[in-house]
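Here is the file input_13.txt (compact mmCIF, C-alpha atoms).
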# COMPACT_ATOMS: atom_id res chain seq x y z
CA MET D 1049 -111.16 -127.53 129.53
CA ALA D 1050 -109.93 -130.20 131.97
CA SER D 1051 -111.50 -133.65 131.93
CA LEU D 1052 -113.13 -134.65 135.19
CA PRO D 1053 -114.55 -137.94 136.48
CA ALA D 1054 -118.20 -138.27 135.52
CA ALA D 1055 -120.28 -136.17 137.90
CA GLY D 1056 -122.00 -137.84 140.79
CA GLY D 1057 -119.77 -140.90 140.66
CA ALA D 1058 -121.17 -141.78 137.27
CA ALA D 1059 -118.30 -144.07 136.46
CA GLY D 1060 -118.74 -145.91 139.73
CA GLY D 1061 -116.77 -146.06 142.99
CA ASP D 1062 -112.99 -146.22 142.87
CA SER D 1063 -113.12 -146.54 139.08
CA SER D 1064 -114.60 -143.07 138.55
CA ASP D 1065 -111.60 -141.96 136.47
CA GLN D 1066 -112.35 -144.65 133.86
CA LEU D 1067 -115.02 -142.37 132.41
CA LEU D 1068 -114.29 -138.66 132.06
CA VAL D 1069 -116.70 -135.88 131.15
CA GLU D 1070 -115.90 -132.52 129.57
CA ALA D 1071 -118.55 -129.80 129.77
CA ASP D 1072 -118.49 -127.16 127.03
CA GLY D 1073 -121.62 -125.02 126.94
CA SER D 1074 -124.45 -127.26 125.78
CA THR D 1075 -122.10 -130.11 124.77
CA ARG D 1076 -120.93 -133.00 126.93
CA THR D 1077 -117.93 -135.04 125.81
CA LEU D 1078 -117.74 -138.56 127.30
CA ILE D 1079 -114.20 -139.93 127.27
CA LEU D 1080 -113.46 -143.64 127.73
CA ASN D 1081 -110.33 -143.55 129.86
CA ARG D 1082 -108.58 -146.91 130.07
CA PRO D 1083 -105.93 -146.31 127.39
CA LYS D 1084 -103.56 -149.04 128.58
CA LYS D 1085 -106.40 -151.56 128.19
CA LEU D 1086 -107.59 -150.11 124.86
CA ASN D 1087 -110.58 -148.60 126.71
CA VAL D 1088 -112.34 -151.93 127.20
CA LEU D 1089 -115.62 -151.37 129.02
CA SER D 1090 -115.67 -152.25 132.70
CA SER D 1091 -118.91 -152.64 134.60
CA ALA D 1092 -118.24 -149.26 136.23
CA MET D 1093 -117.84 -147.57 132.85
CA ILE D 1094 -121.05 -149.11 131.52
CA LYS D 1095 -123.07 -148.00 134.52
CA GLY D 1096 -121.47 -144.57 134.38
CA LEU D 1097 -122.35 -144.14 130.71
CA LEU D 1098 -125.88 -145.31 131.33
CA ARG D 1099 -126.26 -142.79 134.15
CA CYS D 1100 -124.85 -139.97 132.01
CA PHE D 1101 -127.12 -140.71 129.07
CA THR D 1102 -130.13 -140.88 131.37
CA VAL D 1103 -129.38 -137.59 133.16
CA TYR D 1104 -128.39 -135.66 130.03
CA GLU D 1105 -131.49 -136.65 128.11
CA LYS D 1106 -133.66 -134.94 130.72
CA ASP D 1107 -131.50 -131.80 130.94
CA ASP D 1108 -132.72 -129.21 128.40
CA ARG D 1109 -129.44 -127.30 128.74
CA ILE D 1110 -127.54 -130.19 127.13
CA LYS D 1111 -127.97 -130.41 123.36
CA LEU D 1112 -125.24 -132.72 122.06
CA LEU D 1113 -123.13 -135.66 123.25
CA ILE D 1114 -119.69 -136.51 121.89
CA MET D 1115 -118.08 -139.85 122.72
CA LYS D 1116 -114.43 -140.70 122.19
CA GLY D 1117 -111.64 -142.85 123.59
CA LYS D 1118 -108.35 -141.78 125.12
CA GLY D 1119 -105.20 -143.10 123.49
CA ARG D 1120 -104.92 -145.28 120.40
CA ALA D 1121 -108.32 -146.97 120.65
CA PHE D 1122 -111.91 -145.89 120.82
CA CYS D 1123 -112.92 -149.11 122.59
CA ALA D 1124 -111.73 -152.69 122.04
CA GLY D 1125 -114.87 -154.26 123.57
CA GLY D 1126 -116.21 -155.35 126.91
CA ASP D 1127 -113.83 -156.35 129.70
CA ILE D 1128 -114.74 -160.03 129.64
CA THR D 1129 -111.29 -161.23 130.69
CA GLY D 1130 -111.89 -160.18 134.29
CA CYS D 1131 -115.33 -161.73 134.16
CA VAL D 1132 -113.94 -165.07 132.98
CA ARG D 1133 -111.24 -165.06 135.66
CA SER D 1134 -113.90 -164.54 138.33
CA ILE D 1135 -115.92 -167.39 136.86
CA HIS D 1136 -113.00 -169.77 137.27
CA ASN D 1137 -112.26 -168.56 140.80
CA GLY D 1138 -115.62 -167.94 142.42
CA ASN D 1139 -118.94 -169.41 143.43
CA TYR D 1140 -121.06 -170.56 140.46
CA LEU D 1141 -124.28 -168.68 141.21
CA PHE D 1142 -122.43 -165.53 142.17
CA ARG D 1143 -120.28 -165.70 139.05
CA ILE D 1144 -123.14 -166.10 136.62
CA TRP D 1145 -126.05 -164.17 138.01
CA ILE D 1146 -124.32 -161.37 139.88
CA GLY D 1147 -121.27 -161.06 137.63
CA GLY D 1148 -121.81 -162.04 134.02
CA ALA D 1149 -125.56 -161.51 133.64
CA ASP D 1150 -125.38 -158.17 135.47
CA PHE D 1151 -122.57 -156.98 133.18
CA PHE D 1152 -124.43 -157.83 129.99
CA ARG D 1153 -127.78 -156.59 131.28
CA HIS D 1154 -126.44 -153.10 131.93
CA LEU D 1155 -124.48 -153.12 128.67
CA TYR D 1156 -127.58 -153.98 126.64
CA LEU D 1157 -129.66 -151.39 128.48
CA LEU D 1158 -127.01 -148.84 127.52
CA ASN D 1159 -127.06 -150.01 123.88
CA TYR D 1160 -130.86 -149.67 123.83
CA ARG D 1161 -130.82 -146.18 125.31
CA ILE D 1162 -128.22 -145.05 122.77
CA ALA D 1163 -130.20 -146.58 119.89
CA THR D 1164 -133.37 -144.74 120.94
CA TYR D 1165 -131.72 -141.55 122.21
CA ILE D 1166 -133.53 -138.29 121.55
CA LYS D 1167 -130.46 -136.06 121.38
CA PRO D 1168 -127.71 -136.50 118.78
CA GLN D 1169 -124.61 -138.48 119.70
CA VAL D 1170 -121.39 -138.05 117.73
CA SER D 1171 -118.92 -140.91 118.16
CA LEU D 1172 -115.33 -140.20 117.13
CA LEU D 1173 -114.11 -143.65 116.17
CA THR D 1174 -110.33 -143.42 116.23
CA GLY D 1175 -108.23 -146.57 116.37
CA ILE D 1176 -109.75 -149.87 117.45
CA VAL D 1177 -113.54 -150.29 117.51
CA MET D 1178 -114.57 -153.83 118.40
CA GLY D 1179 -117.37 -155.70 120.15
CA GLY D 1180 -118.77 -153.59 122.97
CA GLY D 1181 -117.09 -150.53 121.47
CA ALA D 1182 -119.34 -150.93 118.44
CA GLY D 1183 -122.36 -151.24 120.71
CA VAL D 1184 -121.82 -147.86 122.38
CA SER D 1185 -121.20 -146.06 119.08
CA LEU D 1186 -122.83 -147.63 116.04
CA HIS D 1187 -126.34 -147.31 117.50
CA GLY D 1188 -125.82 -143.54 117.74
CA ARG D 1189 -126.86 -140.94 115.16
CA PHE D 1190 -123.40 -139.92 113.90
CA ARG D 1191 -120.40 -142.27 113.57
CA VAL D 1192 -117.23 -140.54 112.44
CA VAL D 1193 -114.36 -142.76 111.29
CA THR D 1194 -110.87 -141.77 110.25
CA ASP D 1195 -107.76 -143.04 108.49
CA ASN D 1196 -106.64 -145.11 111.50
CA THR D 1197 -109.96 -146.76 112.39
CA ILE D 1198 -110.04 -150.56 112.71
CA PHE D 1199 -113.41 -152.27 113.18
CA ALA D 1200 -114.24 -155.93 113.83
CA MET D 1201 -116.73 -158.20 115.56
CA PRO D 1202 -114.40 -161.13 116.46
CA GLU D 1203 -116.77 -162.95 118.83
CA THR D 1204 -116.94 -166.30 117.00
CA ALA D 1205 -113.22 -166.77 117.75
CA LEU D 1206 -114.05 -166.36 121.46
CA GLY D 1207 -116.94 -168.81 121.65
CA LEU D 1208 -119.43 -165.94 121.82
CA PHE D 1209 -121.51 -164.28 119.07
CA PRO D 1210 -121.80 -160.71 117.73
CA ASP D 1211 -123.98 -159.13 120.43
CA VAL D 1212 -124.57 -155.57 121.74
CA GLY D 1213 -127.32 -155.28 119.13
CA ALA D 1214 -125.02 -156.43 116.31
CA SER D 1215 -127.74 -158.67 114.94
CA TYR D 1216 -129.61 -155.41 114.25
CA PHE D 1217 -126.89 -153.30 112.62
CA LEU D 1218 -125.09 -156.16 110.82
CA SER D 1219 -128.32 -157.49 109.31
CA ARG D 1220 -128.99 -154.08 107.74
CA LEU D 1221 -125.76 -153.91 105.76
CA PRO D 1222 -125.81 -154.38 101.96
CA GLY D 1223 -126.53 -157.90 100.73
CA PHE D 1224 -125.09 -160.53 103.04
CA TYR D 1225 -122.14 -158.42 104.15
CA GLY D 1226 -123.38 -158.55 107.75
CA GLU D 1227 -123.25 -162.35 107.78
CA TYR D 1228 -119.72 -162.16 106.41
CA LEU D 1229 -118.55 -159.70 109.07
CA GLY D 1230 -120.30 -161.49 111.92
CA LEU D 1231 -119.06 -164.98 111.10
CA SER D 1232 -115.56 -164.22 109.84
CA GLY D 1233 -114.50 -161.53 112.34
CA ALA D 1234 -113.12 -159.58 109.36
CA ARG D 1235 -111.47 -156.23 110.01
CA LEU D 1236 -112.59 -153.08 108.23
CA ASP D 1237 -110.86 -149.73 107.89
CA GLY D 1238 -112.59 -146.37 108.03
CA ALA D 1239 -113.22 -146.16 104.29
CA GLU D 1240 -114.90 -149.58 104.33
CA MET D 1241 -117.05 -148.67 107.34
CA LEU D 1242 -118.26 -145.58 105.50
CA ALA D 1243 -118.90 -147.46 102.26
CA CYS D 1244 -121.00 -150.20 103.87
CA GLY D 1245 -122.97 -147.85 106.12
CA LEU D 1246 -121.50 -148.60 109.53
CA ALA D 1247 -120.13 -145.04 109.60
CA THR D 1248 -121.84 -141.81 108.61
CA HIS D 1249 -118.73 -139.69 107.97
CA PHE D 1250 -115.01 -140.02 107.26
CA VAL D 1251 -112.81 -137.26 108.66
CA PRO D 1252 -108.99 -137.31 108.40
CA SER D 1253 -107.39 -137.77 111.81
CA ASN D 1254 -105.52 -134.46 111.52
CA ARG D 1255 -108.87 -132.61 111.36
CA LEU D 1256 -110.64 -134.31 114.26
CA LEU D 1257 -109.69 -131.67 116.83
CA LEU D 1258 -111.03 -128.92 114.58
CA LEU D 1259 -114.24 -130.90 114.10
CA GLU D 1260 -114.61 -131.38 117.84
CA GLU D 1261 -114.15 -127.67 118.51
CA SER D 1262 -116.76 -126.82 115.89
CA LEU D 1263 -119.25 -129.29 117.35
CA LYS D 1264 -118.90 -127.74 120.78
CA LYS D 1265 -120.14 -124.44 119.32
CA VAL D 1266 -123.25 -125.89 117.66
CA ASN D 1267 -125.60 -125.30 120.63
CA THR D 1268 -128.49 -127.28 119.13
CA SER D 1269 -129.94 -130.78 119.04
CA ASN D 1270 -131.02 -130.32 115.43
CA PRO D 1271 -129.46 -133.32 113.62
CA PHE D 1272 -129.34 -131.45 110.32
CA VAL D 1273 -127.17 -128.73 111.86
CA VAL D 1274 -124.91 -131.29 113.55
CA GLY D 1275 -124.64 -133.29 110.33
CA SER D 1276 -123.81 -130.25 108.22
CA THR D 1277 -121.12 -129.26 110.72
CA ILE D 1278 -119.46 -132.66 110.32
CA ASP D 1279 -119.87 -132.42 106.54
CA GLN D 1280 -117.54 -129.43 106.51
CA PHE D 1281 -114.66 -131.65 107.64
CA ALA D 1282 -115.65 -134.90 105.91
CA GLN D 1283 -114.07 -136.54 102.89
CA GLN D 1284 -114.98 -139.41 100.58
CA PRO D 1285 -112.10 -141.91 100.80
CA SER D 1286 -111.34 -144.55 98.18
CA LEU D 1287 -111.51 -148.26 98.94
CA LYS D 1288 -108.29 -150.25 98.79
CA GLU D 1289 -108.04 -152.69 95.93
CA ASN D 1290 -108.07 -155.71 98.26
CA SER D 1291 -111.17 -154.55 100.17
CA SER D 1292 -113.77 -157.20 100.88
CA LEU D 1293 -116.36 -154.78 99.52
CA ASN D 1294 -114.83 -155.40 96.09
CA ARG D 1295 -115.82 -159.05 96.53
CA MET D 1296 -119.51 -158.54 97.18
CA GLU D 1297 -120.46 -160.95 94.39
CA ILE D 1298 -118.61 -163.77 96.16
CA ILE D 1299 -119.91 -162.70 99.58
CA ASN D 1300 -123.53 -162.61 98.44
CA LYS D 1301 -123.19 -165.94 96.67
CA CYS D 1302 -121.60 -167.74 99.62
CA PHE D 1303 -122.94 -166.06 102.75
CA SER D 1304 -126.54 -166.20 101.54
CA LYS D 1305 -126.52 -169.97 102.01
CA ARG D 1306 -128.86 -171.44 104.60
CA THR D 1307 -126.29 -173.11 106.85
CA VAL D 1308 -122.70 -172.52 107.95
CA GLU D 1309 -121.68 -175.81 106.34
CA GLU D 1310 -123.11 -174.63 103.02
CA ILE D 1311 -121.36 -171.27 103.36
CA ILE D 1312 -117.97 -172.95 103.83
CA SER D 1313 -118.65 -175.42 101.03
CA SER D 1314 -119.57 -172.57 98.70
CA LEU D 1315 -116.38 -170.69 99.61
CA GLU D 1316 -114.33 -173.83 98.94
CA GLU D 1317 -115.92 -174.10 95.51
CA VAL D 1318 -114.86 -170.53 94.79
CA ALA D 1319 -111.35 -171.27 96.08
CA SER D 1320 -111.03 -174.25 93.71
CA ASP D 1321 -111.56 -171.94 90.73
CA LEU D 1322 -109.97 -168.74 92.03
CA ALA D 1323 -106.59 -168.28 93.70
CA ASP D 1324 -107.55 -165.54 96.16
CA GLU D 1325 -105.83 -165.04 99.53
CA TRP D 1326 -108.99 -163.37 100.87
CA VAL D 1327 -111.12 -166.45 100.15
CA ALA D 1328 -108.51 -168.76 101.68
CA ALA D 1329 -108.19 -166.61 104.82
CA THR D 1330 -111.98 -166.48 105.23
CA ILE D 1331 -112.24 -170.27 105.02
CA GLN D 1332 -109.38 -170.69 107.49
CA TYR D 1333 -111.02 -168.36 110.02
CA LEU D 1334 -114.40 -170.09 109.78
CA LYS D 1335 -112.82 -173.50 110.28
CA LYS D 1336 -110.95 -172.29 113.36
CA ALA D 1337 -113.88 -170.49 115.00
CA SER D 1338 -116.26 -172.10 117.49
CA PRO D 1339 -118.75 -174.29 115.56
CA THR D 1340 -121.48 -173.49 118.07
CA SER D 1341 -120.77 -169.77 117.87
CA LEU D 1342 -120.89 -169.81 114.07
CA LYS D 1343 -124.29 -171.47 114.04
CA ILE D 1344 -125.98 -169.31 116.66
CA SER D 1345 -124.40 -166.19 115.11
CA LEU D 1346 -125.81 -166.95 111.67
CA ARG D 1347 -129.28 -167.52 113.03
CA SER D 1348 -129.06 -164.38 115.21
CA ILE D 1349 -128.18 -162.14 112.25
CA ARG D 1350 -130.88 -163.72 110.09
CA GLU D 1351 -133.51 -163.14 112.78
CA GLY D 1352 -132.28 -159.58 113.25
CA ARG D 1353 -133.32 -158.70 109.70
CA THR D 1354 -136.98 -158.56 110.71
CA GLN D 1355 -136.64 -157.36 114.31
CA THR D 1356 -136.40 -153.96 116.00
CA VAL D 1357 -133.25 -153.07 117.91
CA GLY D 1358 -135.08 -153.74 121.17
CA GLU D 1359 -136.20 -157.17 120.01
CA CYS D 1360 -132.64 -157.97 118.93
CA LEU D 1361 -131.21 -156.98 122.33
CA HIS D 1362 -133.95 -158.88 124.15
CA ARG D 1363 -133.12 -162.04 122.20
CA GLU D 1364 -129.35 -161.52 122.46
CA TYR D 1365 -129.64 -161.30 126.24
CA ARG D 1366 -131.28 -164.73 126.32
CA MET D 1367 -128.51 -166.03 124.11
CA VAL D 1368 -125.67 -164.54 126.16
CA CYS D 1369 -127.10 -165.89 129.41
CA HIS D 1370 -127.16 -169.39 127.90
CA VAL D 1371 -123.55 -168.84 126.77
CA MET D 1372 -122.47 -167.60 130.21
CA ARG D 1373 -124.15 -170.51 131.94
CA GLY D 1374 -122.46 -173.00 129.64
CA ASP D 1375 -125.81 -174.74 129.27
CA PHE D 1376 -124.99 -176.41 125.95
CA SER D 1377 -121.31 -175.68 125.34
CA PRO D 1378 -118.33 -174.37 127.37
CA ASP D 1379 -116.89 -172.63 124.30
CA PHE D 1380 -117.08 -169.10 125.70
CA PHE D 1381 -114.79 -169.94 128.61
CA GLU D 1382 -112.48 -171.99 126.42
CA GLY D 1383 -112.25 -169.26 123.81
CA CYS D 1384 -111.47 -166.59 126.38
CA ARG D 1385 -108.87 -168.86 127.95
CA ALA D 1386 -107.15 -169.55 124.63
CA VAL D 1387 -107.30 -166.01 123.22
CA LEU D 1388 -107.35 -163.63 126.20
CA VAL D 1389 -105.99 -165.43 129.28
CA ASP D 1390 -103.43 -168.14 128.37
CA LYS D 1391 -103.12 -166.74 124.82
CA ASP D 1392 -102.08 -170.09 123.31
CA LYS D 1393 -104.62 -169.46 120.50
CA ASN D 1394 -105.52 -173.14 120.45
CA PRO D 1395 -109.08 -173.47 121.74
CA MET D 1396 -110.54 -176.94 122.12
CA TRP D 1397 -114.15 -176.42 121.09
CA MET D 1398 -116.94 -178.65 122.35
CA PRO D 1399 -118.46 -179.94 120.22
CA PRO D 1400 -115.49 -179.65 117.86
CA ARG D 1401 -117.25 -180.04 114.51
CA LEU D 1402 -120.09 -178.17 112.80
CA GLU D 1403 -122.04 -181.34 112.04
CA GLN D 1404 -122.10 -182.13 115.76
CA VAL D 1405 -123.94 -178.89 116.56
CA HIS D 1406 -127.51 -179.98 115.92
CA ASP D 1407 -130.46 -177.71 115.13
CA LYS D 1408 -132.10 -178.57 118.46
CA ALA D 1409 -129.05 -177.32 120.37
CA VAL D 1410 -129.03 -174.08 118.38
CA GLU D 1411 -132.73 -173.61 119.09
CA GLU D 1412 -132.10 -173.82 122.84
CA TYR D 1413 -129.93 -170.68 122.76
CA PHE D 1414 -132.95 -168.66 121.67
CA SER D 1415 -135.29 -170.00 124.35
CA ARG D 1416 -136.24 -168.51 127.68
CA ILE D 1417 -134.10 -169.91 130.49
CA ASP D 1418 -136.09 -172.15 132.79
CA ASP D 1419 -134.63 -170.97 136.08
CA PRO D 1420 -136.37 -169.04 138.89
CA GLU D 1421 -133.22 -166.96 139.42
CA TRP D 1422 -133.33 -165.60 135.86
CA GLU D 1423 -135.36 -162.84 134.25
CA ASP D 1424 -135.69 -161.59 130.69
CA LEU D 1425 -134.13 -158.25 129.78
CA ASN D 1426 -136.68 -155.60 130.64
CA LEU D 1427 -136.48 -152.76 128.11
CA PRO D 1428 -138.71 -149.79 128.92
CA ALA D 1429 -140.84 -148.02 126.33
CA ARG D 1430 -138.95 -145.02 124.95
CA ARG D 1431 -140.83 -141.80 124.17
CA SER D 1432 -140.04 -138.65 122.20
CA ASN D 1433 -142.46 -135.71 122.41
CA GLY D 1434 -145.07 -138.03 123.81
CA ARG D 1435 -144.65 -140.54 120.94
CA ILE D 1436 -143.40 -144.04 121.66
CA VAL D 1437 -140.09 -144.45 119.86
CA GLU D 1438 -139.86 -148.15 120.60
CA SER D 1439 -141.55 -150.47 123.06
CA MET D 1440 -140.91 -154.04 124.10
CA LEU D 1441 -144.21 -154.23 125.97

Encoded form (structure tokens):
Amino acid sequence: MASLPAAGGAAGGDSSDQLLVEADGSTRTLILNRPKKLNVLSSAMIKGLLRCFTVYEKDDRIKLLIMKGKGRAFCAGGDITGCVRSIHNGNYLFRIWIGGADFFRHLYLLNYRIATYIKPQVSLLTGIVMGGGAGVSLHGRFRVVTDNTIFAMPETALGLFPDVGASYFLSRLPGFYGEYLGLSGARLDGAEMLACGLATHFVPSNRLLLLEESLKKVNTSNPFVVGSTIDQFAQQPSLKENSSLNRMEIINKCFSKRTVEEIISSLEEVASDLADEWVAATIQYLKKASPTSLKISLRSIREGRTQTVGECLHREYRMVCHVMRGDFSPDFFEGCRAVLVDKDKNPMWMPPRLEQVHDKAVEEYFSRIDDPEWEDLNLPARRSNGRIVESML
């Protein structure tokens, strides 16, 4: 069946072809369609997805949602490059409140709806899955990875922090693996995603089309039926010898420390006794990342351990608005400049050293913004069969 722009202008204005929808009986397949840009999420795509999820949840004829990306990536994240360019070129209030905050507000609302969705969502995670791409997939019921999947949350290298509800799903990984992934920006393959719990199934890439065709014939929202259908195509892959999951003893020892400084110090102690390229690379990444980002990321993941997904998104929205405003550090703009715009890969962080990022400054990122133009993220109560699934009220 041909792919068509999301019905009713769901993908938004002239960008309606960035999100395609295939209708097959009771199944709707949502296709992220910016292959040349690795399907990074534009504002139009986010609003289109949010509209689709809202409409389909109320339509009893629709039983199952499949989400995938066109080309060699599922989704490489949110399209923050355009946002940063507008920030450098436009009016301050317009840039921040109408541009950046609006982008993240709709993205987090989408993440929340997916996380509390009544009907099953199957995400086919082929190729690159990073940042915002994780947010629109990992909160869903079924996450299918394959032999070419590459996952990462590289935000600390951009002066940001793992958001889109990452403080919820990273904090629930085994041991302190979530802290490791969130701080180091480490890349995982499909087998590693399955082993740590980020994925629910591993299906070889040459069987994905067969899986998709079988899912379109399911005609039910029963998660057990959907899961058993995927099981028929799934395999149990082996971890590579150099996988970080084979170093969980080191990860738990080092990334359980209270502060980022202690984490790095602990890793350096390990490196002094063990010649391991993985340890050396982890230390190098942490020392090159934004000191402010590292500190707020660690606290965010630690707080996420005891919070609901809605509470995590509510807090992350406060954090990202402080980041976008540059209230305490301009690192987000500098990181995007160095990595995404100028691509010199030489960001000049401010402050430049971990010891210069004081606890009081970190605390401010988690506070309500004292500005009449700003509002907290309003997440509605979500109900299933009359029962409240989650409420922020």

Proximity of range 1338-1387 of chain D to range 1298-1313 of chain D: per-residue shortest pair, 9 Å limit, all atoms listed in the file, as CSV:
residue,atom,partner,partner_atom,distance
D:Pro1339,CA,D:Val1308,CA,8.8
D:Leu1342,CA,D:Val1308,CA,6.9
D:Lys1343,CA,D:Val1308,CA,6.4
D:Leu1346,CA,D:Val1308,CA,7.4
D:Arg1347,CA,D:Thr1307,CA,8.9

Let's have the selection written as a compact mmCIF listing (two decimals), in the frame of the given file, with C-alpha atoms.
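Result file out-v2.txt:
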# COMPACT_ATOMS: atom_id res chain seq x y z
CA PRO D 1339 -118.75 -174.29 115.56
CA LEU D 1342 -120.89 -169.81 114.07
CA LYS D 1343 -124.29 -171.47 114.04
CA LEU D 1346 -125.81 -166.95 111.67
CA ARG D 1347 -129.28 -167.52 113.03

Which polymer residues, protein or nucleic acid, are no farther than 9 Å from (-108.0, -138.0, 116.3), counting all atoms listed in the file, as a VMD selection string? chain D and resid 1120 1172 to 1175 1194 1196 1252 to 1257

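Distances here use only C-alpha atoms; by that measure, the residue among D:Cys1123, D:Val1273, D:Ala1239, D:Val1368 closest to Pro1168 in chain D is D:Val1273.
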
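Residue nearest Leu1236 in chain D within the list D:Ser1276, D:Thr1164, D:Ser1286, D:Ser1292: D:Ser1292 [criterion: smallest interatomic distance, only C-alpha atoms].
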
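You will find CA of Cys1244 in chain D at 16.9 Å from CA of Gly1183 in chain D.
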
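One distance worth recording is that between CA of Glu1411 in chain D and CA of Gly1226 in chain D, which is 21.0 Å.
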
Name all residues at most 12 Å from Thr1129 in chain D (count all atoms listed in the file; drop same-chain ones fewer than 4 positions away) and give them as a ChimeraX atom specification. /D:1085,1088-1090,1125,1133-1136,1148,1206,1380-1391

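The two atoms in question, CA of Leu1218 in chain D and CA of Arg1430 in chain D, are spaced 22.7 Å apart.
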
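Restricting the calculation to all atoms listed in the file, the smallest distance between Glu1423 in chain D and any of D:Cys1369, D:Ala1092, D:Leu1097, D:Ala1071 is found for D:Cys1369.
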
From D:Ile1344, D:Val1193, D:Leu1158, D:Leu1112, residue lying nearest Phe1209 in chain D [all atoms listed in the file]: D:Ile1344

How would you write as a ChimeraX atom specification the residues that get within 12 Å of (-130.5, -134.6, 130.6) in the file's frame, counting only C-alpha atoms? /D:1074-1076,1098-1113,1165-1167

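Between Ser1232 in chain D and the candidates D:Arg1161, D:His1406, D:His1249, D:Lys1335, the tightest atom-to-atom separation, counting only C-alpha atoms, involves D:Lys1335.
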
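For the choices D:Glu1359, D:Asp1150, D:Asp1127, D:Glu1412, the atom-to-atom distance to Met1178 in chain D is smallest for D:Asp1127 when using all atoms listed in the file.
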
Would you mind listing what lies within 10 Å of Glu1351 in chain D as a PyMOL selection string, with only C-alpha atoms counted and same-chain residues fewer than 6 positions away left out? chain D and resi 1215-1216+1219+1345+1359-1360+1363

Find the residues around Asp1211 in chain D up to 12 Å (only C-alpha atoms counted), leave out those fewer than 3 positions away in its own chain, and share them as a PyMOL selection string. chain D and resi 1125-1126+1152-1153+1155-1156+1159+1178-1184+1201-1204+1208+1214-1218+1230+1341+1344-1346+1348-1349+1352+1357+1360-1369+1371
